[in-house]
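S.K.: So I've got this file, entry-v9.pdb, and it contains PDB, C-alpha atoms:
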ATOM      1  CA  MET A  82       3.415  25.645 -21.216
ATOM      2  CA  PHE A  83       2.113  22.055 -21.436
ATOM      3  CA  THR A  84      -1.407  20.668 -21.459
ATOM      4  CA  THR A  85      -1.885  17.482 -19.420
ATOM      5  CA  ARG A  86      -1.757  15.354 -22.568
ATOM      6  CA  GLU A  87       1.370  17.089 -23.841
ATOM      7  CA  LEU A  88       3.121  16.623 -20.500
ATOM      8  CA  GLN A  89       2.138  12.964 -20.468
ATOM      9  CA  ASP A  90       3.497  12.496 -23.994
ATOM     10  CA  GLU A  91       6.789  14.073 -22.967
ATOM     11  CA  ILE A  92       7.018  11.765 -19.935
ATOM     12  CA  LEU A  93       6.359   8.744 -22.153
ATOM     13  CA  ARG A  94       9.118   9.859 -24.518
ATOM     14  CA  LEU A  95      11.649  10.549 -21.776
ATOM     15  CA  LYS A  96      11.039   7.342 -19.819
ATOM     16  CA  LYS A  97      11.738   5.323 -22.967
ATOM     17  CA  GLU A  98      14.783   7.421 -23.836
ATOM     18  CA  ASN A  99      16.229   7.109 -20.301
ATOM     19  CA  ASP A 100      15.334   3.430 -19.730
ATOM     20  CA  ILE A 101      12.926   4.128 -16.855
ATOM     21  CA  CYS A 102      10.074   1.932 -15.639
ATOM     22  CA  ILE A 103       7.330   3.942 -13.914
ATOM     23  CA  LEU A 104       5.395   2.315 -11.086
ATOM     24  CA  ALA A 105       2.260   4.036  -9.800
ATOM     25  CA  HIS A 106       0.501   3.043  -6.614
ATOM     26  CA  ALA A 107      -3.267   2.974  -7.005
ATOM     27  CA  TYR A 108      -3.591   6.003  -4.692
ATOM     28  CA  GLN A 109      -1.888   8.236  -7.264
ATOM     29  CA  SER A 110      -3.985  10.503  -9.493
ATOM     30  CA  GLN A 111      -5.414   9.315 -12.794
ATOM     31  CA  ASP A 112      -3.056  11.425 -14.928
ATOM     32  CA  ILE A 113      -0.079   9.629 -13.333
ATOM     33  CA  LEU A 114      -1.613   6.177 -13.746
ATOM     34  CA  GLU A 115      -1.934   6.860 -17.467
ATOM     35  CA  VAL A 116       1.871   7.195 -17.916
ATOM     36  CA  ALA A 117       2.810   4.287 -15.660
ATOM     37  CA  ASP A 118       4.107   0.925 -16.839
ATOM     38  CA  TYR A 119       2.455  -0.808 -13.889
ATOM     39  CA  VAL A 120      -0.301   0.183 -11.452
ATOM     40  CA  GLY A 121      -1.234  -1.636  -8.252
ATOM     41  CA  ASP A 122      -0.501  -2.311  -4.588
ATOM     42  CA  SER A 123       2.944  -1.708  -3.125
ATOM     43  CA  TYR A 124       4.219  -5.297  -3.088
ATOM     44  CA  GLY A 125       2.762  -6.195  -6.474
ATOM     45  CA  LEU A 126       4.558  -3.200  -7.965
ATOM     46  CA  SER A 127       7.834  -4.373  -6.437
ATOM     47  CA  LEU A 128       7.432  -7.755  -8.123
ATOM     48  CA  GLU A 129       6.783  -6.057 -11.467
ATOM     49  CA  ALA A 130       9.890  -3.903 -10.978
ATOM     50  CA  ALA A 131      12.020  -7.009 -10.436
ATOM     51  CA  LYS A 132      10.801  -8.439 -13.762
ATOM     52  CA  ALA A 133      11.029  -5.171 -15.711
ATOM     53  CA  PRO A 134      13.897  -4.889 -18.235
ATOM     54  CA  GLN A 135      14.586  -1.201 -17.486
ATOM     55  CA  SER A 136      17.662  -0.229 -15.468
ATOM     56  CA  THR A 137      15.904   2.521 -13.481
ATOM     57  CA  ILE A 138      12.658   2.227 -11.491
ATOM     58  CA  LEU A 139      10.593   5.290 -10.612
ATOM     59  CA  MET A 140       8.190   4.610  -7.748
ATOM     60  CA  CYS A 141       5.263   7.025  -7.661
ATOM     61  CA  GLY A 142       4.201   6.287  -4.119
ATOM     62  CA  VAL A 143       5.745   6.641  -0.671
ATOM     63  CA  ARG A 144       9.142   5.826   0.813
ATOM     64  CA  PHE A 145       8.565   2.315   2.184
ATOM     65  CA  MET A 146       7.291   1.275  -1.257
ATOM     66  CA  ALA A 147      10.444   2.536  -2.959
ATOM     67  CA  GLU A 148      12.538   0.741  -0.321
ATOM     68  CA  THR A 149      10.700  -2.518  -1.067
ATOM     69  CA  VAL A 150      11.444  -2.057  -4.765
ATOM     70  CA  LYS A 151      15.129  -1.640  -3.930
ATOM     71  CA  LEU A 152      15.103  -4.769  -1.744
ATOM     72  CA  LEU A 153      13.746  -6.860  -4.610
ATOM     73  CA  SER A 154      15.803  -5.122  -7.329
ATOM     74  CA  PRO A 155      19.155  -4.337  -5.676
ATOM     75  CA  ASP A 156      20.973  -3.900  -8.997
ATOM     76  CA  LYS A 157      18.532  -1.332 -10.344
ATOM     77  CA  LYS A 158      18.515   2.383  -9.636
ATOM     78  CA  THR A 159      15.372   3.148  -7.638
ATOM     79  CA  ILE A 160      13.889   6.650  -7.455
ATOM     80  CA  LEU A 161      11.167   7.844  -5.065
ATOM     81  CA  SER A 162       9.035  10.385  -6.903
ATOM     82  CA  HIS A 163       8.924  12.891  -4.024
ATOM     83  CA  PRO A 164      11.526  12.942  -1.202
ATOM     84  CA  GLN A 165       8.954  13.956   1.438
ATOM     85  CA  ALA A 166       6.423  11.265   0.526
ATOM     86  CA  GLY A 167       6.414   9.119   3.640
ATOM     87  CA  CYS A 168       3.879   6.885   5.371
ATOM     88  CA  PRO A 169       2.743   7.832   8.893
ATOM     89  CA  MET A 170       2.032   4.183   9.685
ATOM     90  CA  ALA A 171       5.505   3.091   8.604
ATOM     91  CA  GLU A 172       7.011   5.722  10.896
ATOM     92  CA  GLN A 173       5.003   4.859  14.025
ATOM     93  CA  ILE A 174       7.430   2.248  15.392
ATOM     94  CA  ASP A 175      11.175   2.825  15.623
ATOM     95  CA  LEU A 176      13.923   0.298  16.321
ATOM     96  CA  GLU A 177      14.016   1.005  20.052
ATOM     97  CA  MET A 178      10.266   0.439  20.393
ATOM     98  CA  LEU A 179      10.518  -2.815  18.442
ATOM     99  CA  ARG A 180      13.439  -3.979  20.592
ATOM    100  CA  ALA A 181      11.392  -3.347  23.738
ATOM    101  CA  MET A 182       8.393  -5.260  22.354
ATOM    102  CA  LYS A 183      10.554  -8.239  21.394
ATOM    103  CA  GLU A 184      11.952  -8.312  24.936
ATOM    104  CA  GLN A 185       8.411  -8.217  26.320
ATOM    105  CA  TYR A 186       7.264 -11.029  23.998
ATOM    106  CA  PRO A 187      10.417 -13.152  23.477
ATOM    107  CA  ASP A 188       8.632 -16.291  22.235
ATOM    108  CA  TYR A 189       6.496 -14.462  19.648
ATOM    109  CA  THR A 190       6.976 -14.462  15.873
ATOM    110  CA  VAL A 191       7.147 -10.829  14.761
ATOM    111  CA  VAL A 192       4.948 -10.174  11.729
ATOM    112  CA  ALA A 193       5.522  -6.854   9.972
ATOM    113  CA  TYR A 194       2.936  -5.324   7.687
ATOM    114  CA  ILE A 195       4.629  -4.254   4.466
ATOM    115  CA  ASN A 196       3.840  -0.652   5.472
ATOM    116  CA  THR A 197       7.035  -0.514   7.547
ATOM    117  CA  THR A 198      10.530   0.810   6.948
ATOM    118  CA  SER A 199      13.214  -1.520   5.598
ATOM    119  CA  GLU A 200      15.170  -1.058   8.860
ATOM    120  CA  LEU A 201      12.190  -2.374  10.815
ATOM    121  CA  LYS A 202      11.672  -5.293   8.418
ATOM    122  CA  ALA A 203      15.321  -6.207   8.955
ATOM    123  CA  ARG A 204      14.503  -7.002  12.592
ATOM    124  CA  CYS A 205      11.213  -8.841  12.028
ATOM    125  CA  ASP A 206      10.537 -12.488  11.158
ATOM    126  CA  VAL A 207       8.109 -12.235   8.262
ATOM    127  CA  CYS A 208       6.436  -9.541   6.183
ATOM    128  CA  VAL A 209       2.768  -9.556   5.055
ATOM    129  CA  THR A 210       0.506  -7.570   2.761
ATOM    130  CA  SER A 211      -3.164  -6.858   3.409
ATOM    131  CA  SER A 212      -4.103  -9.541   0.874
ATOM    132  CA  SER A 213      -1.674 -12.202   2.170
ATOM    133  CA  ALA A 214      -1.739 -11.558   5.932
ATOM    134  CA  VAL A 215      -4.411 -14.123   6.861
ATOM    135  CA  LYS A 216      -2.827 -16.949   4.856
ATOM    136  CA  ILE A 217       0.681 -16.243   6.126
ATOM    137  CA  VAL A 218      -0.325 -15.978   9.795
ATOM    138  CA  LYS A 219      -2.187 -19.290   9.439
ATOM    139  CA  ASN A 220       0.951 -20.892   8.019
ATOM    140  CA  ILE A 221       3.291 -19.727  10.805
ATOM    141  CA  GLU A 222       4.116 -22.665  13.083
ATOM    142  CA  ASN A 223       4.283 -20.536  16.221
ATOM    143  CA  LYS A 224       0.939 -19.939  17.919
ATOM    144  CA  ASN A 225       2.154 -16.620  19.357
ATOM    145  CA  ILE A 226       2.216 -13.677  16.947
ATOM    146  CA  LEU A 227       3.274 -10.056  17.499
ATOM    147  CA  PHE A 228       1.645  -8.089  14.659
ATOM    148  CA  ILE A 229       2.989  -4.618  13.821
ATOM    149  CA  PRO A 230       2.125  -1.811  13.271
ATOM    150  CA  ASP A 231      -1.546  -1.734  12.196
ATOM    151  CA  CYS A 232      -3.897  -2.798  14.989
ATOM    152  CA  ASN A 233      -6.926  -2.584  12.663
ATOM    153  CA  LEU A 234      -5.502  -4.933  10.044
ATOM    154  CA  GLY A 235      -4.157  -7.066  12.886
ATOM    155  CA  ALA A 236      -7.589  -7.279  14.522
ATOM    156  CA  TRP A 237      -9.117  -8.354  11.206
ATOM    157  CA  VAL A 238      -6.452 -11.051  10.819
ATOM    158  CA  ALA A 239      -7.006 -12.209  14.420
ATOM    159  CA  GLU A 240     -10.713 -12.620  13.687
ATOM    160  CA  GLN A 241      -9.914 -14.825  10.675
ATOM    161  CA  VAL A 242      -7.295 -16.863  12.553
ATOM    162  CA  PRO A 243      -8.746 -17.395  16.059
ATOM    163  CA  GLU A 244      -6.405 -20.310  16.738
ATOM    164  CA  LYS A 245      -3.461 -17.894  17.007
ATOM    165  CA  ASN A 246      -2.574 -15.753  20.007
ATOM    166  CA  ILE A 247      -2.069 -12.375  18.315
ATOM    167  CA  LYS A 248      -0.698  -9.381  20.203
ATOM    168  CA  LEU A 249      -1.354  -5.975  18.605
ATOM    169  CA  VAL A 250       0.250  -2.575  19.022
ATOM    170  CA  HIS A 251      -1.573   0.742  18.867
ATOM    171  CA  GLY A 252      -0.789   1.862  15.346
ATOM    172  CA  GLY A 253      -2.318   2.122  11.918
ATOM    173  CA  CYS A 254      -3.181   4.321   8.975
ATOM    174  CA  PRO A 255      -4.517   7.686  10.176
ATOM    175  CA  THR A 256      -6.272   8.216   6.840
ATOM    176  CA  HIS A 257      -8.265   4.986   7.011
ATOM    177  CA  ALA A 258      -8.837   5.382  10.760
ATOM    178  CA  LYS A 259     -10.693   8.643  10.103
ATOM    179  CA  MET A 260     -13.685   6.771   8.681
ATOM    180  CA  THR A 261     -16.405   6.117  11.234
ATOM    181  CA  VAL A 262     -19.687   4.280  11.669
ATOM    182  CA  ARG A 263     -21.348   7.678  11.337
ATOM    183  CA  ASP A 264     -19.769   8.007   7.880
ATOM    184  CA  VAL A 265     -21.201   4.602   6.946
ATOM    185  CA  GLU A 266     -24.655   5.576   8.153
ATOM    186  CA  ALA A 267     -24.558   8.844   6.204
ATOM    187  CA  ALA A 268     -23.304   7.181   3.024
ATOM    188  CA  LYS A 269     -25.897   4.399   3.265
ATOM    189  CA  LYS A 270     -28.639   6.970   3.738
ATOM    190  CA  LEU A 271     -27.551   8.757   0.557
ATOM    191  CA  HIS A 272     -26.969   5.543  -1.407
ATOM    192  CA  PRO A 273     -29.100   2.759   0.132
ATOM    193  CA  ALA A 274     -28.601   0.354  -2.791
ATOM    194  CA  ALA A 275     -24.797   0.635  -2.814
ATOM    195  CA  GLU A 276     -22.497  -2.077  -1.519
ATOM    196  CA  LEU A 277     -19.842  -1.029   1.011
ATOM    197  CA  LEU A 278     -16.264  -2.050   0.160
ATOM    198  CA  VAL A 279     -13.592  -1.273   2.750
ATOM    199  CA  HIS A 280      -9.886  -1.782   3.380
ATOM    200  CA  PRO A 281      -8.906  -3.800   6.482
ATOM    201  CA  GLU A 282      -6.946  -0.758   7.707
ATOM    202  CA  CYS A 283     -10.360   0.699   8.638
ATOM    203  CA  VAL A 284     -11.419   0.443  12.272
ATOM    204  CA  PRO A 285     -13.205  -2.842  13.151
ATOM    205  CA  GLU A 286     -16.540  -1.095  13.759
ATOM    206  CA  VAL A 287     -16.546   0.085  10.125
ATOM    207  CA  ALA A 288     -15.204  -3.167   8.708
ATOM    208  CA  LYS A 289     -18.028  -5.152  10.336
ATOM    209  CA  LEU A 290     -20.575  -3.174   8.312
ATOM    210  CA  ALA A 291     -18.901  -3.884   4.974
ATOM    211  CA  ASP A 292     -20.131  -6.119   2.173
ATOM    212  CA  TYR A 293     -16.503  -6.755   1.234
ATOM    213  CA  ILE A 294     -13.181  -6.284   3.060
ATOM    214  CA  GLY A 295      -9.959  -6.424   1.084
ATOM    215  CA  SER A 296      -6.806  -4.801  -0.216
ATOM    216  CA  THR A 297      -6.909  -1.895  -2.648
ATOM    217  CA  THR A 298      -6.502  -4.292  -5.559
ATOM    218  CA  GLY A 299      -9.111  -6.583  -4.036
ATOM    219  CA  ILE A 300     -11.620  -3.739  -3.746
ATOM    220  CA  MET A 301     -11.066  -2.743  -7.365
ATOM    221  CA  ASP A 302     -11.362  -6.339  -8.592
ATOM    222  CA  TYR A 303     -14.550  -6.856  -6.590
ATOM    223  CA  ALA A 304     -16.145  -3.715  -8.042
ATOM    224  CA  ARG A 305     -15.138  -4.636 -11.599
ATOM    225  CA  ASN A 306     -16.557  -8.147 -11.359
ATOM    226  CA  SER A 307     -19.629  -7.551  -9.213
ATOM    227  CA  SER A 308     -23.107  -7.565 -10.719
ATOM    228  CA  ALA A 309     -23.996  -4.663  -8.413
ATOM    229  CA  SER A 310     -24.078  -1.205  -9.970
ATOM    230  CA  GLU A 311     -23.354   1.072  -6.990
ATOM    231  CA  PHE A 312     -20.509   1.028  -4.483
ATOM    232  CA  ILE A 313     -19.380   3.014  -1.459
ATOM    233  CA  ILE A 314     -15.579   2.922  -1.382
ATOM    234  CA  GLY A 315     -13.947   2.778   2.053
ATOM    235  CA  THR A 316     -10.364   3.475   1.113
ATOM    236  CA  GLU A 317      -8.314   6.370  -0.329
ATOM    237  CA  ASN A 318     -10.613   8.467  -2.484
ATOM    238  CA  SER A 319      -8.511   8.269  -5.644
ATOM    239  CA  ILE A 320      -9.891   4.719  -6.019
ATOM    240  CA  VAL A 321     -13.328   6.234  -6.584
ATOM    241  CA  GLN A 322     -11.969   8.181  -9.546
ATOM    242  CA  HIS A 323     -10.058   5.234 -11.004
ATOM    243  CA  LEU A 324     -13.120   2.978 -10.833
ATOM    244  CA  GLN A 325     -15.245   5.667 -12.480
ATOM    245  CA  PHE A 326     -12.825   5.597 -15.429
ATOM    246  CA  GLU A 327     -12.730   1.800 -15.567
ATOM    247  CA  CYS A 328     -16.429   1.125 -15.039
ATOM    248  CA  PRO A 329     -18.376   4.092 -16.441
ATOM    249  CA  ASP A 330     -21.607   2.071 -16.316
ATOM    250  CA  LYS A 331     -21.367   1.822 -12.509
ATOM    251  CA  ARG A 332     -21.569   4.417  -9.740
ATOM    252  CA  PHE A 333     -18.917   4.935  -7.051
ATOM    253  CA  TYR A 334     -19.108   7.066  -3.917
ATOM    254  CA  PRO A 335     -16.479   7.900  -1.270
ATOM    255  CA  LEU A 336     -17.252   6.659   2.233
ATOM    256  CA  SER A 337     -15.656   9.844   3.560
ATOM    257  CA  LYS A 338     -14.512  12.949   1.729
ATOM    258  CA  GLY A 339     -11.676  13.121   4.270
ATOM    259  CA  CYS A 340     -10.082   9.833   3.201
ATOM    260  CA  VAL A 341      -7.203  11.439   1.302
ATOM    261  CA  CYS A 342      -3.544  10.455   1.710
ATOM    262  CA  MET A 343      -1.655  13.741   1.548
ATOM    263  CA  ASN A 344       1.681  11.938   1.222
ATOM    264  CA  MET A 345       0.481  10.269  -1.978
ATOM    265  CA  LYS A 346      -0.763  13.607  -3.250
ATOM    266  CA  LEU A 347       2.745  15.109  -2.996
ATOM    267  CA  THR A 348       3.564  13.389  -6.285
ATOM    268  CA  THR A 349       2.137  15.341  -9.208
ATOM    269  CA  LEU A 350       2.464  14.814 -12.939
ATOM    270  CA  GLY A 351       4.995  17.656 -12.902
ATOM    271  CA  GLU A 352       7.074  15.782 -10.302
ATOM    272  CA  VAL A 353       7.033  12.692 -12.509
ATOM    273  CA  TYR A 354       8.196  14.831 -15.442
ATOM    274  CA  ASN A 355      11.131  16.169 -13.412
ATOM    275  CA  CYS A 356      12.061  12.648 -12.332
ATOM    276  CA  VAL A 357      12.256  11.279 -15.876
ATOM    277  CA  ARG A 358      14.310  14.365 -16.788
ATOM    278  CA  GLY A 359      16.762  13.426 -14.031
ATOM    279  CA  ILE A 360      16.219  16.518 -11.872
ATOM    280  CA  GLY A 361      13.586  15.284  -9.408
ATOM    281  CA  GLY A 362      12.884  12.640  -6.808
ATOM    282  CA  GLU A 363      15.385  10.878  -4.558
ATOM    283  CA  GLU A 364      17.478   7.801  -5.196
ATOM    284  CA  ILE A 365      16.905   5.097  -2.583
ATOM    285  CA  VAL A 366      20.123   3.811  -1.000
ATOM    286  CA  LEU A 367      20.071   1.082   1.679
ATOM    287  CA  SER A 368      22.969  -0.398   3.629
ATOM    288  CA  GLY A 369      24.135  -3.910   2.830
ATOM    289  CA  GLU A 370      23.057  -5.159   6.266
ATOM    290  CA  VAL A 371      19.534  -3.787   5.922
ATOM    291  CA  MET A 372      19.259  -5.141   2.377
ATOM    292  CA  THR A 373      20.246  -8.647   3.486
ATOM    293  CA  LYS A 374      18.166  -8.850   6.661
ATOM    294  CA  ALA A 375      15.030  -7.128   5.329
ATOM    295  CA  ARG A 376      15.101  -9.332   2.237
ATOM    296  CA  LYS A 377      14.982 -12.403   4.513
ATOM    297  CA  CYS A 378      11.761 -11.031   6.025
ATOM    298  CA  ILE A 379      10.246 -10.712   2.534
ATOM    299  CA  ASP A 380      11.575 -14.107   1.413
ATOM    300  CA  MET A 381       9.816 -15.678   4.397
ATOM    301  CA  MET A 382       6.594 -14.037   3.217
ATOM    302  CA  LEU A 383       7.017 -15.725  -0.164
ATOM    303  CA  LYS A 384       7.720 -19.083   1.507
ATOM    304  CA  LEU A 385       4.641 -18.923   3.744
ATOM    305  CA  GLY A 386       2.277 -17.169   1.375
TER
END
Let me see the file written as structure tokens.
M.R.:
Amino acid sequence: MFTTRELQDEILRLKKENDICILAHAYQSQDILEVADYVGDSYGLSLEAAKAPQSTILMCGVRFMAETVKLLSPDKKTILSHPQAGCPMAEQIDLEMLRAMKEQYPDYTVVAYINTTSELKARCDVCVTSSSAVKIVKNIENKNILFIPDCNLGAWVAEQVPEKNIKLVHGGCPTHAKMTVRDVEAAKKLHPAAELLVHPECVPEVAKLADYIGSTTGIMDYARNSSASEFIIGTENSIVQHLQFECPDKRFYPLSKGCVCMNMKLTTLGEVYNCVRGIGGEEIVLSGEVMTKARKCIDMMLKLG
């Protein structure tokens, strides 16, 4: 029987022994972040994986994130920490739906949020993250943009780039979409001095009430550097916990107690332990065609962003 600290120590020993780099998305629990080599947003983690000297990458996150790691590190073994850890947003559009949309909007540049499958990226023009989307859309020569799959992030981008003709589809993160104006009103009533920080995956009505809108990393950076002492966090609730550890002199409150990504919560410290032992997780394998075409989508993001 292990204590948390003992299990963490064993994971640290085994990852070194087995040449494993552990990536932890910021929505993972604090005990997992403490054994990770890198913590952050999905794309930033993929960049760190490409630079890491280890031969095996363990992604503690969801499937599309592990696929992105594999796209940027094709020669490394990539493991997803839990085989069932998917992303509802990434699964909302399939290839047939995308094909139909491209036929409907033939002269549009297809912009895929990074929260999409590698197969979908392989049939899009450029990929974006929540932090790079505005800049990249501005830099696309074509005025006509088809933005998939998150209509909330897409609406926020459209507001920042009014010169573009942006078509949206009805999709997005069900976890972020749960948060409502009523939640904002209730949180502000409880914590009137707190600043509201939200992710652009929130519905526009909530985003308009925010003091800051940004990616997960952006929210955390803002809270760290702000002179304010209280914050309402409008993204996955694990960020509240992480900020409490990082900034014990400040106060952090969840915008909604229901903002929990159950797919992220499938990965536990015990799952990480099994992965570094070689008996857990799932190796990510992508076809050569998908690897080549999806990588072009990401390379275009780097060129434009």
S.K.: Give me, as a PDB file with C-alpha atoms, keeping the file's coordinate frame, all polymer residues having an atom no more than 8 Å from Cys141 of chain A, counting all atoms listed in the file and skipping those fewer than 5 positions away in the same chain.
M.R.:
ATOM      1  CA  ILE A 103       7.330   3.942 -13.914  1.00  0.00           C
ATOM      2  CA  LEU A 104       5.395   2.315 -11.086  1.00  0.00           C
ATOM      3  CA  ALA A 105       2.260   4.036  -9.800  1.00  0.00           C
ATOM      4  CA  HIS A 106       0.501   3.043  -6.614  1.00  0.00           C
ATOM      5  CA  GLN A 109      -1.888   8.236  -7.264  1.00  0.00           C
ATOM      6  CA  LEU A 161      11.167   7.844  -5.065  1.00  0.00           C
ATOM      7  CA  SER A 162       9.035  10.385  -6.903  1.00  0.00           C
ATOM      8  CA  HIS A 163       8.924  12.891  -4.024  1.00  0.00           C
ATOM      9  CA  THR A 348       3.564  13.389  -6.285  1.00  0.00           C
ATOM     10  CA  VAL A 353       7.033  12.692 -12.509  1.00  0.00           C
TER      11      VAL A 353
END
S.K.: Applying the PyMOL selection byres ((chain A and resi 323) around 12) to the file I just gave you, which residues come out? Please list them as a VMD selection string.
M.R.: chain A and resid 106 to 115 120 to 121 297 to 298 300 to 302 304 to 305 314 317 to 322 324 to 329 331 to 335
S.K.: Report as JSON, numbers by chain the full result of the PyMOL selection byres ((chain A and resi 140) around 12) when it is applied to this structure.
M.R.: {"A": [101, 102, 103, 104, 105, 106, 107, 109, 113, 114, 117, 118, 119, 120, 121, 122, 123, 124, 126, 127, 129, 130, 137, 138, 139, 141, 142, 143, 144, 145, 146, 147, 148, 149, 150, 151, 158, 159, 160, 161, 162, 163, 164, 166, 345, 348, 352, 353, 356, 357, 362, 363, 364, 365]}
S.K.: Pull out every residue that the PyMOL selection byres ((chain A and resi 257) around 9) matches in the shown coordinates and put them as a CSV table (one decimal) with C-alpha atoms, keeping the file's coordinate frame.
M.R.:
chain,number,residue,atom,x,y,z
A,253,GLY,CA,-2.3,2.1,11.9
A,254,CYS,CA,-3.2,4.3,9.0
A,255,PRO,CA,-4.5,7.7,10.2
A,256,THR,CA,-6.3,8.2,6.8
A,258,ALA,CA,-8.8,5.4,10.8
A,259,LYS,CA,-10.7,8.6,10.1
A,260,MET,CA,-13.7,6.8,8.7
A,280,HIS,CA,-9.9,-1.8,3.4
A,281,PRO,CA,-8.9,-3.8,6.5
A,282,GLU,CA,-6.9,-0.8,7.7
A,283,CYS,CA,-10.4,0.7,8.6
A,284,VAL,CA,-11.4,0.4,12.3
A,315,GLY,CA,-13.9,2.8,2.1
A,316,THR,CA,-10.4,3.5,1.1
A,317,GLU,CA,-8.3,6.4,-0.3
A,340,CYS,CA,-10.1,9.8,3.2
A,341,VAL,CA,-7.2,11.4,1.3
A,342,CYS,CA,-3.5,10.5,1.7
S.K.: Counting all atoms listed in the file, which residue out of A:Leu249, A:Leu88, A:Ala181, A:Ala203 sits closest to Cys232 of chain A?
M.R.: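 With all atoms listed in the file as the atom set, the closest residue is A:Leu249.
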S.K.: Expressed in Å to a single decimal, how great is the separation between atom CA of Val287 of chain A and atom CA of Gly235 of chain A?
M.R.: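 One can read the atom CA of Val287 of chain A to atom CA of Gly235 of chain A distance as 14.6 Å.
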S.K.: Using only C-alpha atoms, which residues of segment 309-363 of chain A come within 9 Å of segment 91-100 of chain A, and what is the closest atom pair for each, with the distance in Å to one decimal? Give it as a tab-separated table, sorted by chain and residue number.
M.R.:
residue	atom	partner	partner_atom	distance
A:Leu350	CA	A:Ile92	CA	8.9
A:Val353	CA	A:Ile92	CA	7.5
A:Tyr354	CA	A:Ile92	CA	5.6
A:Asn355	CA	A:Ile92	CA	8.9
A:Val357	CA	A:Lys96	CA	5.7
A:Arg358	CA	A:Leu95	CA	6.8
A:Gly359	CA	A:Asn99	CA	8.9
S.K.: What's the separation between atom CA of Arg180 of chain A and atom CA of Ile247 of chain A, in Å to one decimal place?
M.R.: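 Pair atom CA of Arg180 of chain A / atom CA of Ile247 of chain A returns 17.8 Å.
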S.K.: When you draw a straight line from atom CA of Lys202 of chain A to atom CA of Val242 of chain A, how long is it in Å?
M.R.: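 Atom CA of Val242 of chain A lies 22.6 Å from atom CA of Lys202 of chain A.
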S.K.: Anything within 10 Å of (11.1, -12.5, 19.4): list those residues as a list in words, counting all atoms listed in the file and sticking to the file's coordinates.
M.R.: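 So the residues meeting the distance criterion are Leu179, Arg180, Met182, Lys183, Glu184, Gln185, Tyr186, Pro187, Asp188, Tyr189, Thr190, Val191, Arg204, Cys205, Asp206, Asn225, Ile226 and Leu227 of chain A.
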